[in-house]
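Participant: Okay, handing you the structure first.
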Amino acid sequence: MTYKENIGIIGHPIGHSKSPIFQQVALDYHNIQEKFTAWDISDEELPKIVEHFKSKNFIASCITLPHKLNIMKYVDNLTETAKKVGAVNWIFNNKGKLTGHNTDCSGFIRSLKDQTGLNPNSKNALVFGAGGASRAIVYGLKISGINSITISNRTIENAEKIASDFSDKNFLVNVINFEKTQIDKVASDVDLIVNTSSLGMTGGPAPNTSPIYSNSIRKSIVGYDIVYAPIETPFLKEIKSSGGITGNGISMLVYQGIEGFEMATGLNAPVEKMFEAFRKA
């Protein structure tokens with residue numbers, strides 16, 4: 001298969017992606033004569049498209065599941081953020097040399113501040129889940145000056161791995177079991193609760209389940225769910241029921257794309273136009 005376009009997104013499957021819609025708006029806004037393309041790429045096809053990434057006119061590619069980890073071995077350089085998170089969601093071409101970066105961290109922080117008004121600096125957070133998304137969230141919060149983070153996950157070993165990777169002499173990530181008594185104790189003393197697990201996700205194993213319920217949530221809490229299907233998850237309903245402020249992963253998705261576009265082109269993204277295109281999609 002021959003690849004021609006010079007900017008896009010790879011994943012497998014990729015038909016669900018909305019990135020080409022709002023990214024094309026940004027390209028057109030700046031009169032960049034390129035098509036933001038969605039490439040459906042299997043693991044076996046990665047080496048070939050990476051060769052295309054190194055071609056003279058290639059600009060950048062967004063990377064989505066399942067390639068955020070596998071793609072790392074094909075790049076020439078990793079940014080510090082990509083190294084820390086352990087995943088790449090953007091690749092940029094500079095004269096045939098590929099740099100892997102991760103904008104999920106900054107996209108999340110930008111989304112959190114925009115939707116909820118919360119600046120995580122000096123705050124305390126409880127994070128549910130210990131997968132790749134959790135790593136990006138924990139690192140984003142850490143570099144934003146969060147005071148403390150506690151991770152709760154069913155498989156505690158996964159949470160302990162993240163805690164080990166991100167704790168240092170000045171910052172400690174705590175771990176608790178996914179057990180109501182422990183969760184309630186931590187929840188009573190945090191400013192932010194983030195769900196990075198699949199609980200409540202449409203099509204997931206527990207679409208009607210929240211990791212925490214309103215009787216355990218303080219009224220002043222901010223709750224953020226990276227899941228955006230459905231738009232209002234069971235977790236966010238519980239946050240609202242407690243009187244808290246909510247945010248969801250839709251704007252995180254768009255903001256990570258905005259960050260990537262700006263790094264790829266060196267131009268300011270038309271933020272409102274990109275959000276408008278996403279909403280229409």
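Letters A, B, ... mark the chains of the structure tokens in the order given; residue numbers begin at 1 per chain; ligand numbers begin at 1, in order shown.
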Mind the document's chain letters and residue numbers, and return as a PyMOL selection string the residues of segment 15-209 of chain A that DSSP labels strand (DSSP E).

Facilitator: chain A and resi 36-40+60-63+77-78+90-94+97-101+124-128+148-153+173-177+192-195

Participant: Save out the residues we just selected, N, CA and C atoms, as a CSV table (one decimal), in the first residue's frame.

Facilitator:
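Output file part_0.csv follows:
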chain,number,residue,atom,x,y,z
A,36,PHE,N,-6.1,16.0,6.3
A,36,PHE,CA,-5.8,15.2,7.5
A,36,PHE,C,-6.5,13.9,7.4
A,37,THR,N,-5.7,12.8,7.2
A,37,THR,CA,-6.1,11.5,6.8
A,37,THR,C,-6.2,10.5,8.0
A,38,ALA,N,-7.2,9.6,8.0
A,38,ALA,CA,-7.2,8.6,9.0
A,38,ALA,C,-6.7,7.3,8.3
A,39,TRP,N,-5.6,6.8,8.8
A,39,TRP,CA,-5.0,5.5,8.3
A,39,TRP,C,-5.4,4.4,9.2
A,40,ASP,N,-6.0,3.3,8.7
A,40,ASP,CA,-6.3,2.1,9.5
A,40,ASP,C,-5.1,1.2,9.3
A,60,ALA,N,3.3,15.3,10.3
A,60,ALA,CA,3.0,14.8,11.6
A,60,ALA,C,1.9,13.8,11.6
A,61,SER,N,1.8,12.9,12.6
A,61,SER,CA,0.7,12.0,12.7
A,61,SER,C,0.3,11.9,14.2
A,62,CYS,N,-1.0,11.9,14.4
A,62,CYS,CA,-1.6,11.6,15.7
A,62,CYS,C,-1.6,10.0,15.8
A,63,ILE,N,-1.4,9.5,17.0
A,63,ILE,CA,-1.3,8.1,17.2
A,63,ILE,C,-2.4,7.7,18.2
A,77,ASN,N,13.6,10.0,18.5
A,77,ASN,CA,13.7,10.7,19.7
A,77,ASN,C,12.3,10.7,20.5
A,78,LEU,N,12.4,10.6,21.8
A,78,LEU,CA,11.2,10.8,22.6
A,78,LEU,C,11.4,12.0,23.5
A,90,TRP,N,1.6,11.5,19.5
A,90,TRP,CA,1.9,12.3,18.3
A,90,TRP,C,3.3,12.0,17.9
A,91,ILE,N,3.5,12.0,16.5
A,91,ILE,CA,4.9,11.9,16.0
A,91,ILE,C,5.1,13.1,15.0
A,92,PHE,N,6.2,13.7,15.1
A,92,PHE,CA,6.6,14.9,14.3
A,92,PHE,C,7.8,14.6,13.5
A,93,ASN,N,7.8,15.0,12.2
A,93,ASN,CA,8.9,14.7,11.3
A,93,ASN,C,9.8,16.0,11.2
A,94,ASN,N,11.1,15.8,11.4
A,94,ASN,CA,12.0,16.9,11.2
A,94,ASN,C,13.1,16.4,10.3
A,97,LYS,N,13.8,12.7,10.6
A,97,LYS,CA,14.0,12.2,12.0
A,97,LYS,C,12.7,12.4,12.7
A,98,LEU,N,12.2,11.3,13.4
A,98,LEU,CA,10.9,11.3,14.0
A,98,LEU,C,11.0,11.5,15.5
A,99,THR,N,10.2,12.4,16.0
A,99,THR,CA,10.1,12.7,17.5
A,99,THR,C,8.7,12.3,18.0
A,100,GLY,N,8.7,11.5,19.0
A,100,GLY,CA,7.5,11.0,19.6
A,100,GLY,C,7.2,11.9,20.9
A,101,HIS,N,5.9,12.3,21.0
A,101,HIS,CA,5.5,13.2,22.1
A,101,HIS,C,4.2,12.7,22.6
A,124,ASN,N,-5.3,18.3,46.1
A,124,ASN,CA,-5.2,16.8,46.4
A,124,ASN,C,-6.2,16.1,45.4
A,125,ALA,N,-5.7,15.0,44.9
A,125,ALA,CA,-6.6,14.3,43.9
A,125,ALA,C,-6.7,12.8,44.2
A,126,LEU,N,-7.8,12.2,43.8
A,126,LEU,CA,-8.0,10.8,43.8
A,126,LEU,C,-8.3,10.3,42.4
A,127,VAL,N,-7.5,9.3,41.9
A,127,VAL,CA,-7.6,8.9,40.6
A,127,VAL,C,-8.0,7.4,40.5
A,128,PHE,N,-9.1,7.1,39.8
A,128,PHE,CA,-9.5,5.7,39.6
A,128,PHE,C,-8.9,5.2,38.3
A,148,SER,N,-0.9,16.1,46.2
A,148,SER,CA,-0.9,14.7,46.5
A,148,SER,C,-1.9,14.0,45.5
A,149,ILE,N,-1.5,12.7,45.2
A,149,ILE,CA,-2.4,11.9,44.4
A,149,ILE,C,-2.5,10.5,45.0
A,150,THR,N,-3.7,10.0,45.1
A,150,THR,CA,-4.0,8.7,45.5
A,150,THR,C,-4.7,7.9,44.4
A,151,ILE,N,-4.1,6.7,44.1
A,151,ILE,CA,-4.7,5.9,43.0
A,151,ILE,C,-5.4,4.7,43.6
A,152,SER,N,-6.6,4.5,43.1
A,152,SER,CA,-7.4,3.3,43.5
A,152,SER,C,-7.7,2.5,42.3
A,153,ASN,N,-7.4,1.2,42.4
A,153,ASN,CA,-7.5,0.3,41.2
A,153,ASN,C,-7.8,-1.1,41.7
A,173,VAL,N,3.0,9.4,45.4
A,173,VAL,CA,1.8,8.9,44.9
A,173,VAL,C,1.3,7.8,45.8
A,174,ASN,N,0.2,7.9,46.4
A,174,ASN,CA,-0.3,6.9,47.3
A,174,ASN,C,-1.2,5.9,46.6
A,175,VAL,N,-1.4,4.7,47.1
A,175,VAL,CA,-2.2,3.6,46.5
A,175,VAL,C,-3.1,3.1,47.5
A,176,ILE,N,-4.4,2.9,47.1
A,176,ILE,CA,-5.4,2.2,48.0
A,176,ILE,C,-6.1,1.1,47.2
A,177,ASN,N,-6.7,0.2,47.9
A,177,ASN,CA,-7.5,-0.8,47.3
A,177,ASN,C,-8.8,-0.2,46.8
A,192,LEU,N,-10.2,16.9,43.9
A,192,LEU,CA,-10.4,16.5,42.5
A,192,LEU,C,-10.5,15.0,42.5
A,193,ILE,N,-11.5,14.4,41.8
A,193,ILE,CA,-11.6,13.0,41.6
A,193,ILE,C,-11.6,12.8,40.1
A,194,VAL,N,-10.7,11.9,39.6
A,194,VAL,CA,-10.6,11.6,38.1
A,194,VAL,C,-10.9,10.2,37.9
A,195,ASN,N,-11.8,9.9,37.0
A,195,ASN,CA,-12.0,8.5,36.6
A,195,ASN,C,-11.3,8.2,35.3

Participant: Excluding Lys142 of chain A and residues on its chain fewer than 5 positions from it, collect all residues at most 10 Å away from it, counting only C-alpha atoms, and give them as JSON, numbers by chain.

Facilitator: {"A": [105, 120, 121, 122, 136, 137, 147, 148, 149, 166, 167, 171, 172, 173]}

Participant: Between atom CA of Phe178 of chain A and atom CA of Ile109 of chain A, what is the spacing in Å?

Facilitator: 24.9 Å

Participant: Write out as JSON, numbers by chain each polymer residue whose atoms come within 12 Å of Lys68 of chain A, counting only C-alpha atoms; drop sequence neighbours fewer than 4 positions from it.

Facilitator: {"A": [9, 10, 11, 12, 43, 46, 61, 62, 63, 64, 72, 73, 74, 75, 82, 83, 85, 86, 87, 88, 89, 90, 91, 100, 101, 102, 103, 104, 132, 133, 136]}

Participant: Tell me which of A:Ile258, A:Ile217, A:Lys48, A:Thr246 sits closest to Gln24 of chain A, counting only C-alpha atoms.

Facilitator: A:Ile258

Participant: Figure out the distance between atom CA of Met201 of chain A and atom CA of Ala26 of chain A, please, to one decimal in Å.

Facilitator: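 So the two atoms, atom CA of Ala26 of chain A and atom CA of Met201 of chain A, lie 29.3 Å apart.
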
Participant: What is the distance between atom CA of Met274 of chain A and atom CA of Gly117 of chain A, in Å to one decimal?

Facilitator: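 Answer for the atom CA of Met274 of chain A to atom CA of Gly117 of chain A separation: 20.8 Å.
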
Participant: For Pro211 of chain A, which residue out of A:Ile143, A:Val271, A:Ala187, A:Val25 is the nearest one, using only C-alpha atoms?

Facilitator: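 For Pro211 of chain A, the nearest of the given residues is A:Ala187.
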
Participant: Between A:Ser144, A:Thr79, A:Thr2, A:Thr209, which is the closest to Arg110 of chain A once you count only C-alpha atoms?

Facilitator: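 That would be A:Ser144, the residue with the smallest distance to Arg110 of chain A.
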
Participant: Can you tell me, as a ChimeraX atom specification, what residues are no more than 9 Å from Gly200 of chain A when counting only C-alpha atoms, ignoring any on the same chain fewer than 6 positions away?

Facilitator: /A:206-211,227,229-230,233-235

Participant: How would the residues just chosen look if you wrote them out with C-alpha atoms as a JSON list (two decimals), in the first residue's frame?

Facilitator:
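In the end it all went to result.json:
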[["chain", "number", "residue", "atom", "x", "y", "z"],
["A", 206, "ALA", "CA", -19.82, -2.07, 33.54],
["A", 207, "PRO", "CA", -21.68, 0.72, 31.67],
["A", 208, "ASN", "CA", -24.02, 1.49, 34.58],
["A", 209, "THR", "CA", -21.41, 1.57, 37.34],
["A", 210, "SER", "CA", -19.63, 4.47, 39.03],
["A", 211, "PRO", "CA", -16.39, 4.03, 41.01],
["A", 227, "VAL", "CA", -14.71, 8.65, 29.26],
["A", 229, "ALA", "CA", -19.34, 8.01, 25.69],
["A", 230, "PRO", "CA", -21.82, 8.60, 27.19],
["A", 233, "THR", "CA", -21.33, 8.91, 32.74],
["A", 234, "PRO", "CA", -22.70, 7.35, 35.94],
["A", 235, "PHE", "CA", -19.65, 8.82, 37.73]]

Participant: Which residue, A:Ala281, A:Leu141, A:Ile41, A:Ala159, has the smallest gap to Gly8 of chain A when you use only C-alpha atoms?

Facilitator: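 Of A:Ala281, A:Leu141, A:Ile41, A:Ala159, the one nearest Gly8 of chain A is A:Ile41, counting only C-alpha atoms.
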